[in-house]
>>> print(open('final.cif').read())   # mmCIF, C-alpha atoms and all ligand atoms
data_run
#
loop_
_atom_site.label_atom_id
_atom_site.label_comp_id
_atom_site.auth_asym_id
_atom_site.auth_seq_id
_atom_site.Cartn_x
_atom_site.Cartn_y
_atom_site.Cartn_z
CA MET A 1 92.40 72.03 96.73
CA SER A 2 89.17 73.67 97.94
CA THR A 3 87.03 76.69 97.09
CA GLY A 4 84.30 78.39 99.10
CA ILE A 5 82.50 81.63 99.73
CA LEU A 6 83.63 83.83 102.60
CA PRO A 7 80.93 86.42 103.43
CA ALA A 8 82.50 89.88 103.92
CA GLU A 9 81.33 89.97 107.54
CA ARG A 10 83.38 86.80 108.19
CA LEU A 11 86.70 88.32 107.10
CA ASP A 12 87.44 88.74 110.82
CA ALA A 13 87.04 84.98 111.26
CA LEU A 14 89.75 84.41 108.62
CA ILE A 15 92.08 86.93 110.29
CA GLY A 16 91.37 85.28 113.67
CA GLU A 17 92.18 81.80 112.24
CA LEU A 18 95.51 83.08 110.94
CA TRP A 19 96.46 84.47 114.35
CA ALA A 20 95.21 81.28 116.04
CA ALA A 21 97.44 79.23 113.70
CA GLY A 22 100.45 81.12 115.06
CA TYR A 23 100.95 83.68 112.29
CA THR A 24 101.59 87.39 112.73
CA VAL A 25 99.13 88.84 110.23
CA ILE A 26 100.44 91.68 108.06
CA GLY A 27 98.15 93.52 105.67
CA PRO A 28 97.37 96.94 104.20
CA VAL A 29 96.71 99.69 106.75
CA ARG A 30 96.25 103.40 106.43
CA GLU A 31 99.13 105.49 107.75
CA GLY A 32 98.44 109.19 107.28
CA GLY A 33 97.68 109.77 103.61
CA ALA A 34 99.01 106.46 102.28
CA LEU A 35 98.67 102.70 102.64
CA LEU A 36 101.50 100.63 104.11
CA TYR A 37 101.76 97.01 105.20
CA ASP A 38 101.64 96.47 108.95
CA GLU A 39 100.08 94.32 111.65
CA VAL A 40 96.38 93.63 111.18
CA ARG A 41 94.35 92.41 114.18
CA GLY A 42 90.93 92.62 112.59
CA SER A 43 89.09 93.82 109.50
CA GLU A 44 88.68 97.29 111.07
CA ASP A 45 92.47 97.77 110.58
CA LEU A 46 92.09 97.37 106.79
CA PRO A 47 91.53 100.44 104.58
CA VAL A 48 87.86 99.64 104.04
CA GLY A 49 86.11 101.93 101.57
CA LEU A 50 89.32 103.56 100.32
CA VAL A 51 90.93 103.54 96.88
CA ASP A 52 94.36 104.81 95.97
CA ARG A 53 94.91 107.14 93.04
CA GLN A 54 98.43 106.81 91.68
CA GLU A 55 100.27 108.63 88.92
CA GLY A 56 103.84 109.78 88.32
CA GLY A 57 104.94 111.59 91.51
CA ARG A 58 101.42 111.63 92.97
CA TYR A 59 99.47 109.46 95.39
CA PHE A 60 96.27 110.08 97.29
CA LEU A 61 93.45 108.13 98.90
CA GLU A 62 89.77 108.74 98.32
CA PRO A 63 86.51 107.04 99.32
CA SER A 64 85.49 104.20 97.02
CA GLY A 65 81.85 104.55 98.02
CA ASP A 66 81.40 100.76 97.93
CA GLY A 67 82.83 99.45 101.22
CA ARG A 68 85.43 97.18 99.63
CA PHE A 69 88.28 96.01 101.87
CA PHE A 70 90.71 95.61 98.97
CA GLY A 71 89.56 98.23 96.44
CA HIS A 72 93.06 99.74 96.46
CA THR A 73 96.14 98.34 94.67
CA VAL A 74 99.70 97.88 96.00
CA ALA A 75 100.63 99.74 99.21
CA ALA A 76 103.57 102.15 99.23
CA THR A 77 106.04 99.85 100.95
CA PRO A 78 106.66 96.36 99.59
CA TRP A 79 106.57 93.16 101.66
CA LYS A 80 110.38 93.04 101.69
CA ARG A 81 110.26 95.17 104.85
CA PHE A 82 109.27 91.95 106.68
CA LEU A 83 111.17 89.34 104.66
CA ASP A 84 114.37 91.40 104.50
CA PRO A 85 114.25 93.88 107.41
CA PRO A 86 115.98 97.16 106.50
CA ARG A 87 118.22 96.99 109.58
CA ARG A 88 119.36 93.97 111.56
CA ARG A 89 122.31 93.10 113.77
CA LEU A 90 124.37 90.17 112.48
CA TRP A 91 126.65 89.64 115.45
CA ARG A 92 128.23 91.28 118.50
CA ALA A 93 131.64 90.88 120.11
CA GLU A 94 132.79 91.81 123.58
CA ARG A 95 136.30 92.10 124.96
CA ARG A 96 136.56 90.31 128.33
CA ASN A 97 139.84 89.67 130.15
CA GLY A 98 141.75 90.65 127.02
CA GLN A 99 139.85 88.16 124.85
CA LEU A 100 137.19 88.71 122.18
CA HIS A 101 133.93 86.80 122.66
CA PHE A 102 131.60 86.59 119.66
CA LEU A 103 127.84 86.39 120.17
CA VAL A 104 125.94 85.37 117.05
CA GLU A 105 122.47 86.95 116.86
CA THR A 106 119.55 84.57 117.06
CA GLU A 107 116.39 85.95 115.59
CA GLU A 108 113.04 85.73 117.28
CA GLU A 109 111.04 83.26 115.18
CA VAL A 110 108.11 85.02 113.55
CA ARG A 111 105.83 83.35 111.04
CA PHE A 112 104.07 85.92 108.90
CA ALA A 113 100.73 85.63 107.16
CA PHE A 114 100.68 88.24 104.42
CA LEU A 115 97.07 89.24 103.80
CA GLY A 116 96.30 91.01 100.52
CA VAL A 117 99.37 90.15 98.44
CA ARG A 118 98.84 91.17 94.81
CA ALA A 119 99.93 89.05 91.84
CA CYS A 120 102.83 91.38 90.97
CA ASP A 121 104.11 91.32 94.56
CA LEU A 122 104.01 87.51 94.65
CA HIS A 123 106.35 87.62 91.65
CA GLY A 124 108.42 90.28 93.43
CA ILE A 125 108.82 87.97 96.43
CA ARG A 126 109.71 85.07 94.11
CA ILE A 127 112.34 87.16 92.28
CA ARG A 128 113.78 88.55 95.54
CA SER A 129 113.99 85.00 96.96
CA ALA A 130 115.82 83.81 93.81
CA VAL A 131 118.46 86.51 94.45
CA ALA A 132 118.72 85.39 98.09
CA GLU A 133 119.22 81.78 96.95
CA ALA A 134 121.86 82.55 94.32
CA GLY A 135 125.59 82.48 94.88
CA PRO A 136 127.84 80.62 97.27
CA GLU A 137 126.30 82.11 100.44
CA PRO A 138 122.49 82.11 100.27
CA ASP A 139 120.67 84.50 102.60
CA GLU A 140 119.18 81.76 104.76
CA ALA A 141 117.52 84.20 107.15
CA LEU A 142 115.44 85.71 104.34
CA LEU A 143 114.71 82.30 102.84
CA ASP A 144 113.55 80.94 106.22
CA ARG A 145 111.19 83.90 106.68
CA ARG A 146 109.79 83.29 103.18
CA ARG A 147 109.40 79.53 103.69
CA SER A 148 107.52 79.97 106.93
CA ALA A 149 105.22 82.74 105.60
CA LEU A 150 101.64 82.08 104.53
CA MET A 151 100.50 84.02 101.46
CA VAL A 152 96.88 85.16 101.29
CA ALA A 153 96.72 86.74 97.85
CA VAL A 154 94.00 89.07 96.62
CA GLN A 155 93.24 89.32 92.91
CA CYS A 156 93.15 92.84 91.50
CA THR A 157 89.66 93.97 90.54
CA ARG A 158 90.98 97.43 89.64
CA ALA A 159 94.20 98.56 87.93
CA GLY A 160 96.26 101.25 89.65
CA GLY A 161 97.26 104.34 87.67
CA THR A 162 100.92 103.34 87.38
CA CYS A 163 100.57 99.53 87.16
CA PHE A 164 101.90 97.66 84.12
CA CYS A 165 101.99 94.06 85.39
CA ALA A 166 100.31 92.72 82.24
CA ASP A 167 103.31 93.83 80.13
CA LEU A 168 105.58 91.67 82.27
CA GLY A 169 103.19 88.73 82.70
CA THR A 170 103.02 89.16 86.49
CA GLY A 171 99.33 90.06 86.87
CA PRO A 172 96.54 90.92 87.34
CA ALA A 173 95.42 87.29 87.94
CA VAL A 174 97.26 85.37 90.65
CA ASP A 175 99.16 82.67 88.77
CA LEU A 176 101.65 81.62 91.47
CA PRO A 177 100.82 79.09 94.18
CA ALA A 178 99.75 81.39 96.99
CA ASP A 179 98.33 79.48 99.97
CA LEU A 180 94.96 81.22 99.65
CA VAL A 181 93.59 83.38 96.85
CA LEU A 182 90.69 85.75 97.53
CA THR A 183 88.61 87.62 94.97
CA GLU A 184 86.40 90.32 96.47
CA LEU A 185 82.92 90.36 94.92
CA LEU A 186 80.07 92.86 95.13
CA GLU A 187 78.15 91.88 92.00
CA ASP A 188 75.48 89.15 91.65
CA GLY A 189 75.03 88.70 95.38
CA PRO A 190 76.05 90.12 98.74
CA HIS A 191 79.56 91.47 99.52
CA ARG A 192 81.72 88.32 99.68
CA PHE A 193 85.02 86.68 98.74
CA LEU A 194 85.60 83.74 96.46
CA ALA A 195 88.24 81.92 98.53
CA GLU A 196 90.48 79.27 96.95
CA SER A 197 93.17 77.27 98.69
CA ARG A 198 96.19 76.29 96.60
CA THR A 199 98.35 74.57 99.24
CA GLU A 200 97.79 72.21 102.19
CA ALA A 201 98.37 75.07 104.65
CA GLY A 202 95.73 77.19 102.88
CA ALA A 203 93.29 74.27 102.74
CA LYS A 204 93.59 73.76 106.52
CA ILE A 205 92.67 77.40 107.16
CA LEU A 206 89.63 77.18 104.86
CA GLN A 207 88.55 73.91 106.48
CA ARG A 208 88.46 75.56 109.90
CA LEU A 209 86.22 78.32 108.50
CA SER A 210 83.59 75.82 107.21
CA LEU A 211 82.70 77.99 104.23
CA GLY A 212 79.62 77.59 102.07
CA PRO A 213 80.21 76.28 98.54
CA ALA A 214 81.07 78.59 95.63
CA GLY A 215 78.62 78.48 92.72
CA GLU A 216 79.04 79.10 89.01
CA VAL A 217 77.71 82.66 89.55
CA ASP A 218 80.54 83.41 92.01
CA ARG A 219 83.24 81.95 89.76
CA ALA A 220 81.91 83.85 86.77
CA ALA A 221 81.77 87.12 88.78
CA ALA A 222 85.40 86.61 89.90
CA ALA A 223 86.56 85.88 86.33
CA ARG A 224 84.73 88.99 85.05
CA ALA A 225 86.25 91.22 87.76
CA VAL A 226 89.82 90.16 86.89
CA ALA A 227 89.09 90.34 83.15
CA ALA A 228 87.93 93.97 83.59
CA THR A 229 91.27 94.81 85.25
CA ARG A 230 93.11 93.09 82.42
CA ARG A 231 91.14 95.16 79.88
CA THR A 232 92.06 98.44 81.62
CA LEU A 233 95.73 97.41 81.57
CA ALA A 234 95.48 96.35 77.92
CA GLU A 235 94.11 99.78 76.95
CA ARG A 236 97.38 101.36 78.18
CA SER A 237 99.59 98.59 76.87
CA PRO A 238 102.36 98.24 76.12
CA ARG A 239 103.78 100.66 78.64
CA LEU A 240 106.88 98.51 78.72
CA GLU A 241 107.49 96.49 75.58
CA ARG A 242 109.66 93.48 76.43
CA GLU A 243 110.60 92.56 72.88
CA GLY A 244 114.28 93.41 72.36
CA LEU A 245 114.38 95.36 75.64
CA ARG A 246 117.69 94.01 76.90
CA GLU A 247 119.45 94.57 73.56
CA LEU A 248 118.00 98.11 73.28
CA LEU A 249 119.45 99.08 76.65
CA TYR A 250 122.87 97.65 75.83
CA ARG A 251 122.92 99.56 72.51
CA GLN A 252 121.87 102.80 74.20
CA LEU A 253 124.35 102.93 77.09
CA GLU A 254 125.79 106.21 75.77
CA SER A 255 122.47 107.84 74.84
CA PRO A 256 122.22 111.56 75.72
CA LEU A 257 118.85 110.68 77.28
CA TRP A 258 120.63 109.52 80.45
CA ASP A 259 121.86 113.11 80.94
CA GLU A 260 118.34 114.45 80.49
CA VAL A 261 116.91 112.03 83.06
CA ALA A 262 119.78 112.84 85.43
CA GLY A 263 118.85 116.52 85.09
CA ARG A 264 115.55 115.68 86.82
CA CYS A 265 116.61 112.82 89.12
CA LEU A 266 117.32 113.88 92.71
CA SER A 267 119.27 110.69 93.56
CA CYS A 268 116.87 110.45 96.51
CA ALA A 269 116.69 106.60 96.33
CA ASN A 270 112.89 106.52 96.81
CA CYS A 271 112.52 104.26 93.77
CA THR A 272 114.82 101.63 95.26
CA LEU A 273 113.21 101.78 98.70
CA VAL A 274 109.72 101.08 97.35
CA CYS A 275 110.77 98.50 94.75
CA PRO A 276 109.90 94.93 95.78
CA THR A 277 113.00 93.48 94.10
CA CYS A 278 115.74 96.06 94.86
CA PHE A 279 118.14 94.47 97.32
CA CYS A 280 121.28 96.64 97.67
CA SER A 281 122.59 96.50 101.21
CA ALA A 282 125.60 97.54 103.25
CA VAL A 283 127.38 96.12 106.27
CA GLU A 284 128.52 98.43 109.05
CA ASP A 285 130.74 97.80 112.07
CA VAL A 286 130.08 99.90 115.16
CA THR A 287 132.35 100.05 118.21
CA ASP A 288 132.07 101.82 121.54
CA LEU A 289 134.67 104.43 122.53
CA GLU A 290 136.66 102.03 124.73
CA GLY A 291 136.85 99.33 122.07
CA ALA A 292 135.20 96.86 124.46
CA ARG A 293 132.16 96.19 122.27
CA LEU A 294 131.77 95.69 118.53
CA GLU A 295 128.59 95.15 116.55
CA ARG A 296 128.09 94.25 112.90
CA TRP A 297 124.87 95.52 111.28
CA HIS A 298 123.24 94.76 107.96
CA ARG A 299 121.23 97.66 106.55
CA ALA A 300 119.33 98.42 103.37
CA ASP A 301 121.21 100.65 100.96
CA SER A 302 120.63 101.98 97.47
CA CYS A 303 122.63 102.14 94.25
CA PHE A 304 121.51 105.79 94.09
CA THR A 305 123.79 106.87 96.95
CA ALA A 306 127.30 108.02 96.05
CA GLU A 307 128.75 105.99 98.96
CA PHE A 308 127.32 102.74 97.60
CA SER A 309 130.02 102.40 94.92
CA GLN A 310 132.78 104.00 97.01
CA ILE A 311 136.13 102.22 96.59
CA HIS A 312 139.75 103.43 96.68
CA GLY A 313 138.77 106.91 97.85
CA GLY A 314 136.01 107.66 95.32
CA PRO A 315 132.68 106.36 93.99
CA VAL A 316 132.71 104.25 90.81
CA ARG A 317 129.40 105.85 89.81
CA ALA A 318 130.09 109.47 90.69
CA SER A 319 127.26 111.07 88.67
CA THR A 320 123.48 110.79 88.89
CA ARG A 321 123.57 109.86 85.18
CA ALA A 322 125.72 106.81 85.97
CA ARG A 323 123.56 105.84 88.94
CA TYR A 324 120.19 106.13 87.17
CA ARG A 325 121.54 104.22 84.15
CA GLN A 326 122.94 101.50 86.40
CA TRP A 327 119.60 101.11 88.19
CA LEU A 328 117.51 100.88 85.02
CA VAL A 329 119.91 98.73 82.99
CA HIS A 330 120.41 96.39 85.94
CA LYS A 331 116.67 96.05 86.47
CA LEU A 332 115.78 95.40 82.83
CA ALA A 333 118.91 93.92 81.21
CA TYR A 334 121.67 92.62 83.53
CA TRP A 335 118.98 90.92 85.64
CA SER A 336 117.79 89.01 82.57
CA ASP A 337 121.37 87.87 81.93
CA GLN A 338 121.65 86.60 85.50
CA PHE A 339 118.18 85.20 86.16
CA GLY A 340 116.52 84.83 82.74
CA GLU A 341 113.88 87.50 83.40
CA PRO A 342 113.80 91.24 84.26
CA GLY A 343 113.99 92.37 87.89
CA CYS A 344 110.81 94.43 87.45
CA VAL A 345 107.27 93.17 88.09
CA GLY A 346 105.39 96.26 86.90
CA CYS A 347 104.00 97.30 90.30
CA GLY A 348 104.46 100.98 89.38
CA ARG A 349 105.67 102.04 92.84
CA CYS A 350 108.88 103.65 91.59
CA ILE A 351 106.80 105.86 89.25
CA THR A 352 104.30 106.90 91.92
CA TRP A 353 106.86 107.58 94.63
CA CYS A 354 109.47 109.36 92.51
CA PRO A 355 109.14 112.97 93.75
CA VAL A 356 109.70 114.29 90.22
CA GLY A 357 107.59 111.63 88.48
CA ILE A 358 110.33 109.90 86.46
CA ASP A 359 108.66 106.94 84.77
CA LEU A 360 110.96 104.07 83.76
CA THR A 361 108.51 103.00 81.04
CA GLU A 362 108.67 106.47 79.48
CA VAL A 363 112.48 106.39 79.60
CA VAL A 364 112.49 103.07 77.72
CA ARG A 365 109.92 104.32 75.17
CA ASP A 366 112.04 107.43 74.64
CA LEU A 367 115.16 105.32 74.03
CA ARG A 368 113.23 103.25 71.46
CA ARG A 369 111.81 106.33 69.73
CA ARG A 370 115.18 108.05 69.48
CA GLU A 371 116.87 104.92 68.17
CA ALA A 372 114.15 104.49 65.53
CA GLU A 373 114.49 108.15 64.50
CA GLU A 374 118.28 107.88 64.26
CA SER A 375 118.13 104.75 62.12
CA GLY A 376 115.46 106.43 59.93
CA GLU A 377 117.79 109.40 59.42
CA ARG A 378 120.71 107.14 58.51
CA GLU A 379 118.60 105.40 55.84
CA ARG A 380 117.53 108.69 54.24
S1 LIG A 401 111.26 98.86 88.99
FE1 LIG A 401 109.45 100.06 89.62
S2 LIG A 401 107.69 99.09 88.59
FE2 LIG A 401 109.41 97.64 88.52
S3 LIG A 401 109.14 96.31 90.32
FE3 LIG A 401 110.52 98.00 90.94
S4 LIG A 401 109.16 99.58 91.80
FE4 LIG A 401 107.85 98.14 90.66
S1 LIG A 402 114.43 108.28 89.79
FE1 LIG A 402 113.09 109.52 91.14
S2 LIG A 402 112.85 108.28 93.00
FE2 LIG A 402 114.62 107.44 91.88
S3 LIG A 402 116.39 108.50 92.76
FE3 LIG A 402 115.75 109.70 90.96
S4 LIG A 402 114.35 111.27 91.81
FE4 LIG A 402 114.56 109.69 93.39
#
>>> encode(input="final.cif", output="structure tokens")
Amino acid sequence: MSTGILPAERLDALIGELWAAGYTVIGPVREGGALLYDEVRGSEDLPVGLVDRQEGGRYFLEPSGDGRFFGHTVAATPWKRFLDPPRRRLWRAERRNGQLHFLVETEEEVRFAFLGVRACDLHGIRIRSAVAEAGPEPDEALLDRRRSALMVAVQCTRAGGTCFCADLGTGPAVDLPADLVLTELLEDGPHRFLAESRTEAGAKILQRLSLGPAGEVDRAAAARAVAATRRTLAERSPRLEREGLRELLYRQLESPLWDEVAGRCLSCANCTLVCPTCFCSAVEDVTDLEGARLERWHRADSCFTAEFSQIHGGPVRASTRARYRQWLVHKLAYWSDQFGEPGCVGCGRCITWCPVGIDLTEVVRDLRRREAEESGERER
């Protein structure tokens, strides 16, 4: 595939090529005090010169002072908002002349170009797609949206405050075949992007831009920028130790720690809404008062709501303790049983956007510490 240098002032040309190729371009945009993913028409829509500061239960934006387009890390909402819309009608039925007529929904065909996808989110999309593919009835609508989407990844040249991708092997370097991979560079030359195509579709876009060649200096600057991010992550590592993680959680299902976490957890479901891999959903039927029209809707749901596990007149997971434990053990243990890897990519969103700052990595460390202390006491 090909590599070239995209001068920063030509980022608009790339965005224009994506639109011209028939894609709806989605990228990071500022919405109030946070970054979300939404439609991007030009580089002026991007959060230029802003960085995000993230920690448990806290998020704010501040000037970077260097004019970078992608100095921030992951935006608040994951890309699943576009691949798996939170609300969509599945079908409608109408009663006419005493007969029911079913009208299957046909979706408007939209091909997305995701601009600024981080390495962890590429893995999130891969993991979410694997769930959609599994089982006897694959979610073809989601899979079609994914297949038709073009991924323009951006390598992380800064680690966010709550990121731990390196512990899970999902970042910071882009190791999955995105169509295009950009690395934003300010050092050893003017503001520019090292642009690499990794698929035919990506190569066609680069060809139309007629980029200048990338030199050794550019490649070395890109490698150094990603290595610096990796070093920052390594200094905090391991936030989430994978060794024996699944077994630890299964041994600790009755730990009193779940009660302590539940004492803080508001069951607000924020963590599941922002998580790129969470996929709980519900199906609702809606009728009009005369019974002449019926609609079936698919909507995003969360394992944190009491109604989610409602059967036979009561919820299976009636307490916050049961719901938090289910979420964490599913994410880090049951998921491995089903798919051979955890359902977490270390994006850190659930830590940042938890209103009370519950940090899943701290919960796991606490479980390990307590287990080690208990076994130490037994040996004494
Ligand atoms: S569990 Fe948290 S850190 Fe892991 S992928 Fe989901 S939001 Fe990101
Ligand atoms: S862990 Fe935090 S974000 Fe998740 S439901 Fe509890 S309070 Fe809300």
>>> residues_near_ligand(input="final.cif", ligand="ligand LIG 401 (chain A)", cutoff="6 Å", atoms="all atoms listed in the file", output="PyMOL selection string")
chain A and resi 274-276+344-350
>>> residues_around(input="final.cif", residues="segment 117-123 of chain A", least_positions_apart="2", cutoff="7 Å", atoms="all atoms listed in the file", output="VMD selection string")
chain A and resid 74 114 to 115 125 to 127 151 to 156 165 170 to 174 276 345 to 347
>>> closest_residue(input="final.cif", among="A:Gly376, A:Gly357, A:Pro78, A:Gly71", to="ligand LIG 402 (chain A)", atoms="all atoms listed in the file")
A:Gly357
>>> closest_residue(input="final.cif", among="A:Thr106, A:Gln252, A:Thr162, A:Ser302", to="ligand LIG 402 (chain A)", atoms="only C-alpha atoms and all ligand atoms")
A:Ser302
>>> atom_distance(input="final.cif", atom1="atom CA of Val131 of chain A", atom2="atom CA of Arg89 of chain A")
20.8 Å
>>> closest_residue(input="final.cif", among="A:Leu83, A:Glu260, A:Thr229, A:Arg299", to="Ala159 of chain A", atoms="all atoms listed in the file")
A:Thr229
>>> residues_around(input="final.cif", residues="Ser319 of chain A", least_positions_apart="2", cutoff="12 Å", atoms="all atoms listed in the file", output="mmCIF file with C-alpha atoms, in the coordinates of the input")
data_model
loop_
_atom_site.group_PDB
_atom_site.id
_atom_site.type_symbol
_atom_site.label_atom_id
_atom_site.label_comp_id
_atom_site.auth_asym_id
_atom_site.auth_seq_id
_atom_site.Cartn_x
_atom_site.Cartn_y
_atom_site.Cartn_z
ATOM 1 C CA TRP A 258 120.630 109.520 80.450
ATOM 2 C CA ASP A 259 121.860 113.110 80.940
ATOM 3 C CA VAL A 261 116.910 112.030 83.060
ATOM 4 C CA ALA A 262 119.780 112.840 85.430
ATOM 5 C CA GLY A 263 118.850 116.520 85.090
ATOM 6 C CA CYS A 265 116.610 112.820 89.120
ATOM 7 C CA LEU A 266 117.320 113.880 92.710
ATOM 8 C CA SER A 267 119.270 110.690 93.560
ATOM 9 C CA CYS A 303 122.630 102.140 94.250
ATOM 10 C CA PHE A 304 121.510 105.790 94.090
ATOM 11 C CA THR A 305 123.790 106.870 96.950
ATOM 12 C CA ALA A 306 127.300 108.020 96.050
ATOM 13 C CA GLU A 307 128.750 105.990 98.960
ATOM 14 C CA SER A 309 130.020 102.400 94.920
ATOM 15 C CA GLY A 314 136.010 107.660 95.320
ATOM 16 C CA PRO A 315 132.680 106.360 93.990
ATOM 17 C CA VAL A 316 132.710 104.250 90.810
ATOM 18 C CA ARG A 317 129.400 105.850 89.810
ATOM 19 C CA ARG A 321 123.570 109.860 85.180
ATOM 20 C CA ALA A 322 125.720 106.810 85.970
ATOM 21 C CA ARG A 323 123.560 105.840 88.940
ATOM 22 C CA TYR A 324 120.190 106.130 87.170
ATOM 23 C CA ARG A 325 121.540 104.220 84.150
ATOM 24 C CA GLN A 326 122.940 101.500 86.400
#
>>> atom_distance(input="final.cif", atom1="atom CA of Arg246 of chain A", atom2="atom CA of Ala333 of chain A")
4.5 Å
>>> atom_distance(input="final.cif", atom1="atom CA of Pro136 of chain A", atom2="atom CA of Phe339 of chain A")
15.4 Å
